[in-house]
Amino acid sequence: MYSLDLRFDSGPHSVRTSFVSFVSFVVPLFLLLGAVQAAEPAFPARPVRFVVPFPPGTTTDVVARLVALRAGESLGQPIVVDNRSGASGTIGVETVARAAPDGYTWGLGTTTTHALAHILNPKLGYDPVRDFAPVALLGDSPYFLTTSPALPAATFREFIAYARANPGKLHYASVGNFSVGHLSGELLKKAAGIDMVHVPYKGSNIALIDLLAGRIELNISTIAATLPQVRAGKLRALAVTSPKRVPALPQTPTVAESGFPGFQASLWMGAFVPARAPGALIARLNREINSILGTAEMREALAEQAFEAGAGTPDAFARLIRDDTARWRKVISEAGLKPE
């Protein structure tokens, strides 16, 4: 141990010797700390990877790329989108869970990957709460209920009446078993007291082909997937599952205002980093992303995808995940659905 001894009764050289010893210890220490700080460049010092667990061209991919482009400009380093699709998004999400918590790997998560997957698969390779730190809610997109114009039901109320008069004869499509579209259909069946048969598809494009051909009567999918056909008059939009009407088709009523108060279903998307990431880093990324989402340019770009920009704190995003998990768990239980 080194000390600075200023006692004057210790000999003529005591003060000088102790002071020299003190300086010889403290100065190198400050130089060392300065060298350590200089060796740790400000974040980010290299490109960041943004893992999107779905294929290129999907709504999730488009939204992620819009955010990545502007975040890269703001942070001064490229944000590189890495599509890791498969197993309803769980493969890519697991990749993020196993990454280093240093801020250089971000992940896109959705209602499917973080509120549904672990309910349906107890052996999932990740825990959506334990293995991730929510950063920011990017926003959400409701679902459209669309039919062919050939179906004798011009409005949502007429469709419900038609379904009640034909129990078990109507078929509704979604992009897969236990998808949000599938569960929205189950929620509607219970709320409206109707009986429809679910037909799972591997993609929205395939479902639209069958809907246009009259092989199914109803499609439940994100707005972006069906909006072009609705605007072209090839499909009829009966209702939207958001709490309020959407600007893309303001004439289309919500399910809630059409006789089923409280009905709501949407596909939300958010940015995550691996658990154990520093709180200061998470707070900075949250500020950066919220700033981007708050611009008129970004909101307009997302609106073109029928996607409403989000915002809020990481804690608020975490609450949304917990609440949505509990809500869909109840729907799954009441519908008597079992994982395959």
# chains A, B, ... in the order shown; residues from 1 in each chain; ligands from 1

$ residues_around --residues "Lys189 in chain A" --least-positions-apart "5" --cutoff "12 Å" --atoms "only C-alpha atoms" --output "PyMOL selection string"
chain A and resi 160+163-164+167-168+170-172+182-184+194-198+260+263+331+334-335

$ write_last_selection --atoms "C-alpha atoms" --output "compact mmCIF listing (two decimals), in the first residue's frame"
# COMPACT_ATOMS: atom_id res chain seq x y z
CA ILE A 160 -72.21 -13.17 -39.79
CA ALA A 163 -72.41 -17.93 -41.42
CA ARG A 164 -75.03 -18.54 -38.74
CA PRO A 167 -72.94 -23.71 -39.75
CA GLY A 168 -69.83 -25.70 -40.61
CA LEU A 170 -67.82 -21.87 -44.52
CA HIS A 171 -64.03 -22.00 -44.62
CA TYR A 172 -61.62 -19.34 -43.44
CA HIS A 182 -56.05 -18.49 -37.13
CA LEU A 183 -56.60 -17.42 -33.53
CA SER A 184 -58.48 -14.31 -34.67
CA ILE A 194 -70.65 -19.16 -35.67
CA ASP A 195 -69.02 -22.36 -36.88
CA MET A 196 -66.38 -22.13 -39.60
CA VAL A 197 -63.65 -24.52 -40.72
CA HIS A 198 -60.07 -23.29 -40.52
CA PHE A 260 -68.67 -7.11 -31.05
CA PHE A 263 -62.79 -7.36 -30.31
CA VAL A 331 -58.25 -17.93 -26.58
CA GLU A 334 -61.25 -21.81 -24.70
CA ALA A 335 -61.03 -23.00 -28.30

$ select_by_dssp --residues "range 162-340 of chain A" --states "helix (DSSP H, G or I)" --output "NGL selection string"
:A and (162-165 or 180-192 or 204-213 or 223-231 or 256-258 or 279-293 or 296-303 or 314-335)

$ closest_atom_pairs --of "range 28-142 of chain A" --to "range 209-230 of chain A" --cutoff "12 Å" --atoms "only C-alpha atoms" --output "tab-separated table"
residue	atom	partner	partner_atom	distance
A:Gly57	CA	A:Ala225	CA	11.1
A:Thr58	CA	A:Ala225	CA	8.9
A:Thr59	CA	A:Ala224	CA	7.2
A:Thr60	CA	A:Ala224	CA	10.6
A:Val62	CA	A:Ala224	CA	10.9
A:Val63	CA	A:Ala224	CA	11.5
A:Asp140	CA	A:Thr222	CA	9.9
A:Ser141	CA	A:Thr222	CA	6.5
A:Pro142	CA	A:Thr222	CA	6.1

$ closest_residue --among "A:Leu124, A:Leu187, A:Ala303, A:Ala165" --to "Ile91 in chain A" --atoms "only C-alpha atoms"
A:Leu124

$ closest_residue --among "A:Ala87, A:Leu66, A:Ala248, A:Ala239" --to "Asn121 in chain A" --atoms "only C-alpha atoms"
A:Ala87

$ select_by_dssp --residues "range 60-171 of chain A" --states "strand (DSSP E)" --output "list in words"
Ile79, Val80, Val81, Asp82, Asn83, Thr105, Trp106, Gly107, Leu108, Gly109, Thr110, Phe132, Ala133, Pro134, Val135, Ala136, Leu137, Leu138, Gly139, Asp140, Ser141, Pro142, Tyr143, Phe144, Leu145, Thr146, Thr147, Leu170 and His171 of chain A

$ residues_around --residues "Val51 in chain A" --least-positions-apart "5" --cutoff "7 Å" --atoms "only C-alpha atoms" --output "ChimeraX atom specification"
/A:81-84,92,106-108

$ atom_distance --atom1 "CA of Gly76 in chain A" --atom2 "CA of Glu304 in chain A"
26.5 Å

$ closest_residue --among "A:Ala192, A:Leu116, A:Leu337, A:Ala150" --to "Asp323 in chain A" --atoms "only C-alpha atoms"
A:Leu116

$ residues_around --residues "range 310-315 of chain A" --least-positions-apart "6" --cutoff "7 Å" --atoms "only C-alpha atoms" --output "number ranges by chain"
A: 134-139, 286, 290, 293

$ atom_distance --atom1 "CA of Leu208 in chain A" --atom2 "CA of Leu188 in chain A"
20.1 Å

$ closest_residue --among "A:Phe307, A:Leu281, A:Gly294, A:Tyr126" --to "Val246 in chain A" --atoms "only C-alpha atoms"
A:Phe307

$ closest_residue --among "A:Ala99, A:Ala117, A:Ala277, A:Ala301" --to "Trp328 in chain A" --atoms "only C-alpha atoms"
A:Ala117

$ residues_around --residues "Pro274 in chain A" --least-positions-apart "5" --cutoff "8 Å" --atoms "only C-alpha atoms" --output "MDAnalysis selection string"
chainID A and resid 96:101 105:106 131:133

$ atom_distance --atom1 "CA of Leu320 in chain A" --atom2 "CA of Met269 in chain A"
11.1 Å
